[in-house]
$ cat model-v1.pdb   # PDB, C-alpha atoms
ATOM      1  CA  HIS A   1    -164.842   1.442 -10.863  1.00  0.00           C
ATOM      2  CA  THR A   2    -164.259   4.436  -8.652  1.00  0.00           C
ATOM      3  CA  THR A   3    -162.271   7.629  -8.451  1.00  0.00           C
ATOM      4  CA  ALA A   4    -158.827   7.814  -6.889  1.00  0.00           C
ATOM      5  CA  GLU A   5    -160.205  10.191  -4.259  1.00  0.00           C
ATOM      6  CA  ALA A   6    -162.882   7.692  -3.196  1.00  0.00           C
ATOM      7  CA  TRP A   7    -160.398   4.820  -3.144  1.00  0.00           C
ATOM      8  CA  LEU A   8    -157.788   6.721  -1.144  1.00  0.00           C
ATOM      9  CA  GLY A   9    -160.262   8.515   1.094  1.00  0.00           C
ATOM     10  CA  ARG A  10    -158.607  11.878   0.473  1.00  0.00           C
ATOM     11  CA  PRO A  11    -158.214  14.434  -2.324  1.00  0.00           C
ATOM     12  CA  LEU A  12    -155.394  14.166  -4.839  1.00  0.00           C
ATOM     13  CA  ALA A  13    -152.389  16.441  -4.547  1.00  0.00           C
ATOM     14  CA  GLU A  14    -152.826  19.841  -6.179  1.00  0.00           C
ATOM     15  CA  ALA A  15    -149.663  19.743  -8.286  1.00  0.00           C
ATOM     16  CA  ALA A  16    -149.012  16.340  -9.813  1.00  0.00           C
ATOM     17  CA  SER A  17    -145.349  15.482 -10.240  1.00  0.00           C
ATOM     18  CA  VAL A  18    -144.366  13.723 -13.468  1.00  0.00           C
ATOM     19  CA  ASP A  19    -141.123  12.675 -11.759  1.00  0.00           C
ATOM     20  CA  ALA A  20    -143.017  10.954  -8.938  1.00  0.00           C
ATOM     21  CA  MET A  21    -145.410   9.312 -11.402  1.00  0.00           C
ATOM     22  CA  LEU A  22    -142.558   7.825 -13.452  1.00  0.00           C
ATOM     23  CA  LEU A  23    -140.792   6.568 -10.343  1.00  0.00           C
ATOM     24  CA  ARG A  24    -144.025   4.845  -9.302  1.00  0.00           C
ATOM     25  CA  TYR A  25    -144.321   3.400 -12.808  1.00  0.00           C
ATOM     26  CA  LEU A  26    -140.781   1.996 -12.553  1.00  0.00           C
ATOM     27  CA  ALA A  27    -141.593   0.533  -9.140  1.00  0.00           C
ATOM     28  CA  ALA A  28    -144.408  -1.445 -10.776  1.00  0.00           C
ATOM     29  CA  PHE A  29    -143.077  -2.123 -14.285  1.00  0.00           C
ATOM     30  CA  GLY A  30    -139.335  -1.459 -14.396  1.00  0.00           C
ATOM     31  CA  PRO A  31    -136.963  -1.934 -16.030  1.00  0.00           C
ATOM     32  CA  ALA A  32    -138.596   0.061 -18.803  1.00  0.00           C
ATOM     33  CA  SER A  33    -137.703   2.331 -21.700  1.00  0.00           C
ATOM     34  CA  VAL A  34    -138.793   5.925 -22.202  1.00  0.00           C
ATOM     35  CA  LYS A  35    -141.092   4.661 -24.991  1.00  0.00           C
ATOM     36  CA  ASP A  36    -142.671   2.204 -22.545  1.00  0.00           C
ATOM     37  CA  MET A  37    -143.401   5.050 -20.135  1.00  0.00           C
ATOM     38  CA  GLN A  38    -144.865   7.175 -22.928  1.00  0.00           C
ATOM     39  CA  VAL A  39    -147.154   4.348 -24.104  1.00  0.00           C
ATOM     40  CA  TRP A  40    -148.371   3.733 -20.559  1.00  0.00           C
ATOM     41  CA  SER A  41    -148.907   7.374 -19.600  1.00  0.00           C
ATOM     42  CA  GLY A  42    -149.930   8.895 -22.917  1.00  0.00           C
ATOM     43  CA  LEU A  43    -147.401  11.665 -22.253  1.00  0.00           C
ATOM     44  CA  THR A  44    -144.626  12.771 -24.607  1.00  0.00           C
ATOM     45  CA  ARG A  45    -141.229  14.407 -24.011  1.00  0.00           C
ATOM     46  CA  LEU A  46    -140.439  12.106 -21.121  1.00  0.00           C
ATOM     47  CA  ARG A  47    -136.795  11.767 -22.190  1.00  0.00           C
ATOM     48  CA  GLU A  48    -136.178  15.179 -20.567  1.00  0.00           C
ATOM     49  CA  VAL A  49    -137.687  13.938 -17.299  1.00  0.00           C
ATOM     50  CA  MET A  50    -135.658  10.723 -17.420  1.00  0.00           C
ATOM     51  CA  GLU A  51    -132.445  12.666 -17.991  1.00  0.00           C
ATOM     52  CA  ARG A  52    -133.228  14.611 -14.829  1.00  0.00           C
ATOM     53  CA  LEU A  53    -133.904  11.334 -12.937  1.00  0.00           C
ATOM     54  CA  ARG A  54    -130.989   9.389 -14.490  1.00  0.00           C
ATOM     55  CA  PRO A  55    -128.497  10.000 -11.613  1.00  0.00           C
ATOM     56  CA  SER A  56    -130.834   8.248  -9.165  1.00  0.00           C
ATOM     57  CA  LEU A  57    -131.646   5.265 -11.432  1.00  0.00           C
ATOM     58  CA  LEU A  58    -129.953   2.171 -12.792  1.00  0.00           C
ATOM     59  CA  VAL A  59    -129.694   1.968 -16.577  1.00  0.00           C
ATOM     60  CA  PHE A  60    -129.559  -1.262 -18.553  1.00  0.00           C
ATOM     61  CA  ARG A  61    -129.622  -2.087 -22.254  1.00  0.00           C
ATOM     62  CA  ASP A  62    -131.957  -4.632 -23.798  1.00  0.00           C
ATOM     63  CA  GLU A  63    -130.999  -7.001 -26.624  1.00  0.00           C
ATOM     64  CA  HIS A  64    -131.821  -4.235 -29.160  1.00  0.00           C
ATOM     65  CA  GLY A  65    -129.620  -1.652 -27.433  1.00  0.00           C
ATOM     66  CA  ASN A  66    -132.521   0.332 -25.934  1.00  0.00           C
ATOM     67  CA  GLU A  67    -131.971   1.963 -22.558  1.00  0.00           C
ATOM     68  CA  LEU A  68    -134.073   0.510 -19.751  1.00  0.00           C
ATOM     69  CA  PHE A  69    -134.402   2.428 -16.488  1.00  0.00           C
ATOM     70  CA  ASP A  70    -135.064   0.919 -13.087  1.00  0.00           C
ATOM     71  CA  LEU A  71    -134.991   1.796  -9.418  1.00  0.00           C
ATOM     72  CA  PRO A  72    -131.732   0.833  -7.665  1.00  0.00           C
ATOM     73  CA  GLU A  73    -133.532  -1.068  -4.893  1.00  0.00           C
ATOM     74  CA  ALA A  74    -135.946  -2.922  -7.206  1.00  0.00           C
ATOM     75  CA  PRO A  75    -135.807  -6.710  -7.031  1.00  0.00           C
ATOM     76  CA  ARG A  76    -134.207  -8.284 -10.105  1.00  0.00           C
ATOM     77  CA  PRO A  77    -134.105 -12.071  -9.870  1.00  0.00           C
ATOM     78  CA  ASP A  78    -131.463 -14.017 -11.739  1.00  0.00           C
ATOM     79  CA  GLY A  79    -132.408 -14.532 -15.389  1.00  0.00           C
ATOM     80  CA  THR A  80    -132.677 -18.279 -14.862  1.00  0.00           C
ATOM     81  CA  THR A  81    -135.285 -17.925 -12.094  1.00  0.00           C
ATOM     82  CA  PRO A  82    -138.594 -19.345 -13.339  1.00  0.00           C
ATOM     83  CA  ALA A  83    -141.528 -16.964 -13.113  1.00  0.00           C
ATOM     84  CA  PRO A  84    -144.629 -18.406 -11.410  1.00  0.00           C
ATOM     85  CA  PRO A  85    -147.842 -18.548 -13.463  1.00  0.00           C
ATOM     86  CA  ARG A  86    -150.062 -15.494 -13.218  1.00  0.00           C
ATOM     87  CA  PHE A  87    -153.633 -14.811 -14.312  1.00  0.00           C
ATOM     88  CA  LEU A  88    -153.847 -11.265 -15.682  1.00  0.00           C
ATOM     89  CA  GLY A  89    -157.284  -9.657 -15.795  1.00  0.00           C
ATOM     90  CA  GLU A  90    -158.828  -7.963 -18.791  1.00  0.00           C
ATOM     91  CA  PHE A  91    -157.048  -4.706 -19.623  1.00  0.00           C
ATOM     92  CA  ASP A  92    -154.266  -5.590 -17.167  1.00  0.00           C
ATOM     93  CA  ASN A  93    -151.518  -2.984 -16.983  1.00  0.00           C
ATOM     94  CA  MET A  94    -148.889  -5.656 -17.616  1.00  0.00           C
ATOM     95  CA  LEU A  95    -150.292  -5.922 -21.151  1.00  0.00           C
ATOM     96  CA  LEU A  96    -150.695  -2.163 -21.558  1.00  0.00           C
ATOM     97  CA  SER A  97    -147.537  -0.805 -19.954  1.00  0.00           C
ATOM     98  CA  TYR A  98    -144.905  -1.454 -22.586  1.00  0.00           C
ATOM     99  CA  ASP A  99    -144.126  -0.248 -26.076  1.00  0.00           C
ATOM    100  CA  ASP A 100    -142.228  -3.492 -26.717  1.00  0.00           C
ATOM    101  CA  ARG A 101    -144.464  -6.305 -25.492  1.00  0.00           C
ATOM    102  CA  SER A 102    -142.124  -8.985 -26.870  1.00  0.00           C
ATOM    103  CA  ARG A 103    -140.673  -9.286 -23.363  1.00  0.00           C
ATOM    104  CA  ILE A 104    -143.925 -10.997 -22.300  1.00  0.00           C
ATOM    105  CA  MET A 105    -145.805 -11.891 -25.487  1.00  0.00           C
ATOM    106  CA  ALA A 106    -144.896 -13.197 -28.923  1.00  0.00           C
ATOM    107  CA  GLU A 107    -146.059 -10.829 -31.686  1.00  0.00           C
ATOM    108  CA  GLU A 108    -148.142 -13.549 -33.358  1.00  0.00           C
ATOM    109  CA  LEU A 109    -150.263 -13.861 -30.192  1.00  0.00           C
ATOM    110  CA  LYS A 110    -151.191 -10.190 -30.029  1.00  0.00           C
ATOM    111  CA  GLN A 111    -154.338 -10.623 -32.163  1.00  0.00           C
ATOM    112  CA  ARG A 112    -155.544 -13.391 -29.843  1.00  0.00           C
ATOM    113  CA  VAL A 113    -155.267 -11.149 -26.768  1.00  0.00           C
ATOM    114  CA  PHE A 114    -155.967  -7.684 -28.238  1.00  0.00           C
ATOM    115  CA  THR A 115    -159.225  -7.776 -30.230  1.00  0.00           C
ATOM    116  CA  ASP A 116    -160.161  -5.565 -33.196  1.00  0.00           C
ATOM    117  CA  ASN A 117    -162.816  -3.796 -31.113  1.00  0.00           C
ATOM    118  CA  GLY A 118    -160.406  -2.737 -28.354  1.00  0.00           C
ATOM    119  CA  ILE A 119    -160.980  -5.505 -25.825  1.00  0.00           C
ATOM    120  CA  ILE A 120    -157.887  -6.849 -24.100  1.00  0.00           C
ATOM    121  CA  ARG A 121    -158.613 -10.362 -22.950  1.00  0.00           C
ATOM    122  CA  ALA A 122    -157.619 -11.842 -19.618  1.00  0.00           C
ATOM    123  CA  ALA A 123    -154.287 -13.595 -20.200  1.00  0.00           C
ATOM    124  CA  LEU A 124    -152.367 -16.408 -18.557  1.00  0.00           C
ATOM    125  CA  LEU A 125    -148.621 -16.004 -18.058  1.00  0.00           C
ATOM    126  CA  VAL A 126    -146.543 -19.176 -17.831  1.00  0.00           C
ATOM    127  CA  ASP A 127    -142.845 -18.611 -17.068  1.00  0.00           C
ATOM    128  CA  GLY A 128    -143.394 -14.907 -17.656  1.00  0.00           C
ATOM    129  CA  PHE A 129    -144.896 -15.172 -21.162  1.00  0.00           C
ATOM    130  CA  VAL A 130    -148.473 -14.990 -22.396  1.00  0.00           C
ATOM    131  CA  SER A 131    -149.425 -18.621 -22.944  1.00  0.00           C
ATOM    132  CA  GLY A 132    -153.221 -18.438 -23.093  1.00  0.00           C
ATOM    133  CA  ILE A 133    -156.396 -16.562 -22.261  1.00  0.00           C
ATOM    134  CA  TRP A 134    -158.975 -17.364 -19.610  1.00  0.00           C
ATOM    135  CA  SER A 135    -162.485 -16.680 -18.342  1.00  0.00           C
ATOM    136  CA  ILE A 136    -164.185 -17.490 -15.074  1.00  0.00           C
ATOM    137  CA  VAL A 137    -167.817 -17.939 -13.993  1.00  0.00           C
ATOM    138  CA  MET A 138    -169.736 -19.506 -11.153  1.00  0.00           C
ATOM    139  CA  ASN A 139    -172.546 -21.787 -12.205  1.00  0.00           C
ATOM    140  CA  LYS A 140    -175.863 -22.447 -10.438  1.00  0.00           C
ATOM    141  CA  ARG A 141    -174.324 -25.360  -8.514  1.00  0.00           C
ATOM    142  CA  LYS A 142    -171.834 -22.921  -6.931  1.00  0.00           C
ATOM    143  CA  VAL A 143    -168.948 -24.372  -8.944  1.00  0.00           C
ATOM    144  CA  CYS A 144    -166.261 -21.917  -9.991  1.00  0.00           C
ATOM    145  CA  VAL A 145    -165.567 -22.812 -13.632  1.00  0.00           C
ATOM    146  CA  LEU A 146    -162.254 -21.546 -15.006  1.00  0.00           C
ATOM    147  CA  THR A 147    -161.848 -21.966 -18.755  1.00  0.00           C
ATOM    148  CA  ILE A 148    -158.310 -21.727 -20.100  1.00  0.00           C
ATOM    149  CA  MET A 149    -157.467 -21.579 -23.794  1.00  0.00           C
ATOM    150  CA  LEU A 150    -153.784 -22.416 -24.086  1.00  0.00           C
ATOM    151  CA  PHE A 151    -151.726 -21.065 -26.981  1.00  0.00           C
ATOM    152  CA  ARG A 152    -149.037 -23.721 -26.494  1.00  0.00           C
ATOM    153  CA  ALA A 153    -148.600 -27.055 -24.784  1.00  0.00           C
ATOM    154  CA  ILE A 154    -147.475 -26.787 -21.187  1.00  0.00           C
ATOM    155  CA  SER A 155    -145.584 -29.393 -19.185  1.00  0.00           C
ATOM    156  CA  SER A 156    -147.186 -31.367 -16.372  1.00  0.00           C
ATOM    157  CA  SER A 157    -145.234 -29.341 -13.793  1.00  0.00           C
ATOM    158  CA  GLU A 158    -146.365 -26.070 -15.427  1.00  0.00           C
ATOM    159  CA  ARG A 159    -149.954 -27.372 -15.435  1.00  0.00           C
ATOM    160  CA  ALA A 160    -149.723 -28.197 -11.728  1.00  0.00           C
ATOM    161  CA  SER A 161    -148.425 -24.674 -11.007  1.00  0.00           C
ATOM    162  CA  VAL A 162    -151.189 -23.110 -13.114  1.00  0.00           C
ATOM    163  CA  GLU A 163    -153.814 -25.137 -11.258  1.00  0.00           C
ATOM    164  CA  ALA A 164    -152.388 -24.146  -7.870  1.00  0.00           C
ATOM    165  CA  GLU A 165    -152.557 -20.477  -8.924  1.00  0.00           C
ATOM    166  CA  ALA A 166    -156.101 -21.093 -10.222  1.00  0.00           C
ATOM    167  CA  GLU A 167    -157.257 -22.027  -6.727  1.00  0.00           C
ATOM    168  CA  GLY A 168    -156.360 -18.547  -5.477  1.00  0.00           C
ATOM    169  CA  LEU A 169    -157.993 -16.940  -8.514  1.00  0.00           C
ATOM    170  CA  CYS A 170    -161.223 -18.816  -7.916  1.00  0.00           C
ATOM    171  CA  ALA A 171    -161.216 -18.009  -4.194  1.00  0.00           C
ATOM    172  CA  PHE A 172    -160.715 -14.326  -5.009  1.00  0.00           C
ATOM    173  CA  HIS A 173    -163.442 -14.138  -7.657  1.00  0.00           C
ATOM    174  CA  PHE A 174    -166.018 -16.383  -5.989  1.00  0.00           C
ATOM    175  CA  PRO A 175    -165.310 -16.916  -2.278  1.00  0.00           C
ATOM    176  CA  GLU A 176    -168.782 -18.458  -1.961  1.00  0.00           C
ATOM    177  CA  ALA A 177    -167.995 -21.209  -4.497  1.00  0.00           C
ATOM    178  CA  GLU A 178    -168.204 -24.728  -3.107  1.00  0.00           C
ATOM    179  CA  SER A 179    -165.832 -26.286  -5.648  1.00  0.00           C
ATOM    180  CA  MET A 180    -163.689 -25.486  -8.675  1.00  0.00           C
ATOM    181  CA  GLU A 181    -163.481 -26.931 -12.166  1.00  0.00           C
ATOM    182  CA  ILE A 182    -160.797 -26.147 -14.751  1.00  0.00           C
ATOM    183  CA  CYS A 183    -161.628 -26.627 -18.432  1.00  0.00           C
ATOM    184  CA  TYR A 184    -158.824 -26.510 -20.991  1.00  0.00           C
ATOM    185  CA  ASN A 185    -159.874 -25.606 -24.546  1.00  0.00           C
TER     186      ASN A 185
END
$ encode --input "model-v1.pdb" --output "structure tokens"
Amino acid sequence: HTTAEAWLGRPLAEAASVDAMLLRYLAAFGPASVKDMQVWSGLTRLREVMERLRPSLLVFRDEHGNELFDLPEAPRPDGTTPAPPRFLGEFDNMLLSYDDRSRIMAEELKQRVFTDNGIIRAALLVDGFVSGIWSIVMNKRKVCVLTIMLFRAISSSERASVEAEAEGLCAFHFPEAESMEICYN
């Protein structure tokens, strides 16, 4: 962990702009609702800011009729495009950045990812939805051991994609590892 100043190598701007912050949020997590932005930022009264930004944004409606804002130039793949598997770390912003997490996680899985004591477990996304949790260690034999607890059965092609993504995860976490082992629980 470090400060933003240390990471960026320069001091932060004197006057922070809520407008700029929300545009950066949309660049990372859009399309999103005003409630999503409030949950992520901890700020209230963002509807006023979004009304000011509305002319420069695209506005969609979700299946519940909620307005979702996004940047005009943001990539939006066709709805039939499969999402590649992704390993999200503990406390990943993807799990924290929405009021309505049903777009990536079934409600009945929330207790398996979000613990009673405030821990948010590392999660595995398969086709854009939380499908399991994971942990990673390197043992004394320099083997990167990735343990995946699946919440649902996955197809052989999904498993192959998960394992291909796991290679990059292992290389990132333990570049000194000599081999990798995946354990499904």
$ resolve_selection --input "model-v1.pdb" --expression "the PyMOL selection byres ((chain A and resi 167-169) around 10)" --output "JSON, numbers by chain"
{"A": [86, 87, 136, 144, 146, 162, 163, 164, 165, 166, 170, 171, 172, 173, 174, 175, 179, 180, 181, 182]}
$ atom_distance --input "model-v1.pdb" --atom1 "CA of Ser17 in chain A" --atom2 "CA of Leu58 in chain A"
20.5 Å
$ residues_around --input "model-v1.pdb" --residues "Met37 in chain A" --least-positions-apart "5" --cutoff "12 Å" --atoms "all atoms listed in the file" --output "JSON, numbers by chain"
{"A": [18, 19, 21, 22, 23, 24, 25, 26, 28, 29, 30, 31, 32, 42, 43, 44, 45, 46, 47, 49, 50, 68, 69, 70, 93, 96, 97, 98, 99, 100]}
$ resolve_selection --input "model-v1.pdb" --expression "the PyMOL selection byres ((chain A and resi 119) around 12)" --output "PDB file with C-alpha atoms, in the frame of the given file"
ATOM      1  CA  GLY A  89    -157.284  -9.657 -15.795  1.00  0.00           C
ATOM      2  CA  GLU A  90    -158.828  -7.963 -18.791  1.00  0.00           C
ATOM      3  CA  PHE A  91    -157.048  -4.706 -19.623  1.00  0.00           C
ATOM      4  CA  ASP A  92    -154.266  -5.590 -17.167  1.00  0.00           C
ATOM      5  CA  LEU A  95    -150.292  -5.922 -21.151  1.00  0.00           C
ATOM      6  CA  LEU A  96    -150.695  -2.163 -21.558  1.00  0.00           C
ATOM      7  CA  LYS A 110    -151.191 -10.190 -30.029  1.00  0.00           C
ATOM      8  CA  GLN A 111    -154.338 -10.623 -32.163  1.00  0.00           C
ATOM      9  CA  ARG A 112    -155.544 -13.391 -29.843  1.00  0.00           C
ATOM     10  CA  VAL A 113    -155.267 -11.149 -26.768  1.00  0.00           C
ATOM     11  CA  PHE A 114    -155.967  -7.684 -28.238  1.00  0.00           C
ATOM     12  CA  THR A 115    -159.225  -7.776 -30.230  1.00  0.00           C
ATOM     13  CA  ASP A 116    -160.161  -5.565 -33.196  1.00  0.00           C
ATOM     14  CA  ASN A 117    -162.816  -3.796 -31.113  1.00  0.00           C
ATOM     15  CA  GLY A 118    -160.406  -2.737 -28.354  1.00  0.00           C
ATOM     16  CA  ILE A 120    -157.887  -6.849 -24.100  1.00  0.00           C
ATOM     17  CA  ARG A 121    -158.613 -10.362 -22.950  1.00  0.00           C
ATOM     18  CA  ALA A 122    -157.619 -11.842 -19.618  1.00  0.00           C
ATOM     19  CA  ALA A 123    -154.287 -13.595 -20.200  1.00  0.00           C
TER      20      ALA A 123
END
$ atom_distance --input "model-v1.pdb" --atom1 "CA of Arg52 in chain A" --atom2 "CA of Asn66 in chain A"
18.1 Å
$ resolve_selection --input "model-v1.pdb" --expression "the PyMOL selection byres ((chain A and resi 78-83) around 10)" --output "PyMOL selection string"
chain A and resi 75-77+84-86+125-129
$ write_last_selection --input "model-v1.pdb" --atoms "C-alpha atoms" --output "compact mmCIF listing (two decimals), keeping the file's coordinate frame"
# COMPACT_ATOMS: atom_id res chain seq x y z
CA PRO A 75 -135.81 -6.71 -7.03
CA ARG A 76 -134.21 -8.28 -10.10
CA PRO A 77 -134.10 -12.07 -9.87
CA PRO A 84 -144.63 -18.41 -11.41
CA PRO A 85 -147.84 -18.55 -13.46
CA ARG A 86 -150.06 -15.49 -13.22
CA LEU A 125 -148.62 -16.00 -18.06
CA VAL A 126 -146.54 -19.18 -17.83
CA ASP A 127 -142.84 -18.61 -17.07
CA GLY A 128 -143.39 -14.91 -17.66
CA PHE A 129 -144.90 -15.17 -21.16
$ closest_residue --input "model-v1.pdb" --among "A:Met94, A:Ile133, A:Ala15, A:Leu88" --to "Leu109 in chain A" --atoms "all atoms listed in the file"
A:Ile133
$ atom_distance --input "model-v1.pdb" --atom1 "CA of Lys35 in chain A" --atom2 "CA of Glu107 in chain A"
17.6 Å
$ closest_residue --input "model-v1.pdb" --among "A:Ala27, A:Ala177, A:Ala74, A:Val59" --to "Lys140 in chain A" --atoms "all atoms listed in the file"
A:Ala177
$ residues_around --input "model-v1.pdb" --residues "Gly132 in chain A" --least-positions-apart "4" --cutoff "7 Å" --atoms "all atoms listed in the file" --output "PyMOL selection string"
chain A and resi 123-124+148-151
$ build_atoms --input "model-v1.pdb" --residues "range 8-30 of chain A" --atoms "N, CA and C atoms" --output "short mmCIF file (atom, residue, chain, number, x, y, z; two decimals), in the frame of the given file"
data_model
loop_
_atom_site.label_atom_id
_atom_site.label_comp_id
_atom_site.auth_asym_id
_atom_site.auth_seq_id
_atom_site.Cartn_x
_atom_site.Cartn_y
_atom_site.Cartn_z
N LEU A 8 -158.79 6.32 -2.13
CA LEU A 8 -157.79 6.72 -1.14
C LEU A 8 -158.40 7.36 0.10
N GLY A 9 -159.62 7.85 -0.03
CA GLY A 9 -160.26 8.52 1.09
C GLY A 9 -159.74 9.91 1.36
N ARG A 10 -159.13 10.52 0.34
CA ARG A 10 -158.61 11.88 0.47
C ARG A 10 -158.46 12.48 -0.92
N PRO A 11 -158.37 13.81 -1.00
CA PRO A 11 -158.21 14.43 -2.32
C PRO A 11 -156.81 14.20 -2.88
N LEU A 12 -156.70 14.29 -4.19
CA LEU A 12 -155.39 14.17 -4.84
C LEU A 12 -154.56 15.42 -4.59
N ALA A 13 -153.28 15.29 -4.72
CA ALA A 13 -152.39 16.44 -4.55
C ALA A 13 -152.70 17.49 -5.61
N GLU A 14 -152.54 18.73 -5.26
CA GLU A 14 -152.83 19.84 -6.18
C GLU A 14 -151.92 19.80 -7.41
N ALA A 15 -150.62 19.71 -7.19
CA ALA A 15 -149.66 19.74 -8.29
C ALA A 15 -149.08 18.33 -8.48
N ALA A 16 -149.51 17.68 -9.53
CA ALA A 16 -149.01 16.34 -9.81
C ALA A 16 -147.57 16.42 -10.31
N SER A 17 -146.75 15.51 -9.86
CA SER A 17 -145.35 15.48 -10.24
C SER A 17 -145.12 14.36 -11.25
N VAL A 18 -144.68 14.72 -12.45
CA VAL A 18 -144.37 13.72 -13.47
C VAL A 18 -143.22 12.85 -12.97
N ASP A 19 -142.24 13.45 -12.29
CA ASP A 19 -141.12 12.68 -11.76
C ASP A 19 -141.63 11.57 -10.84
N ALA A 20 -142.49 11.93 -9.89
CA ALA A 20 -143.02 10.95 -8.94
C ALA A 20 -143.83 9.88 -9.65
N MET A 21 -144.61 10.27 -10.66
CA MET A 21 -145.41 9.31 -11.40
C MET A 21 -144.51 8.28 -12.11
N LEU A 22 -143.44 8.75 -12.73
CA LEU A 22 -142.56 7.82 -13.45
C LEU A 22 -141.79 6.91 -12.50
N LEU A 23 -141.44 7.42 -11.33
CA LEU A 23 -140.79 6.57 -10.34
C LEU A 23 -141.75 5.49 -9.84
N ARG A 24 -143.01 5.84 -9.69
CA ARG A 24 -144.02 4.84 -9.30
C ARG A 24 -144.23 3.83 -10.42
N TYR A 25 -144.21 4.30 -11.66
CA TYR A 25 -144.32 3.40 -12.81
C TYR A 25 -143.16 2.39 -12.78
N LEU A 26 -141.94 2.89 -12.59
CA LEU A 26 -140.78 2.00 -12.55
C LEU A 26 -140.88 1.01 -11.39
N ALA A 27 -141.43 1.44 -10.27
CA ALA A 27 -141.59 0.53 -9.14
C ALA A 27 -142.50 -0.64 -9.51
N ALA A 28 -143.48 -0.39 -10.37
CA ALA A 28 -144.41 -1.44 -10.78
C ALA A 28 -143.94 -2.21 -12.00
N PHE A 29 -143.32 -1.51 -12.98
CA PHE A 29 -143.08 -2.12 -14.28
C PHE A 29 -141.63 -2.07 -14.77
N GLY A 30 -140.72 -1.56 -13.95
CA GLY A 30 -139.34 -1.46 -14.40
C GLY A 30 -138.67 -2.82 -14.46
#
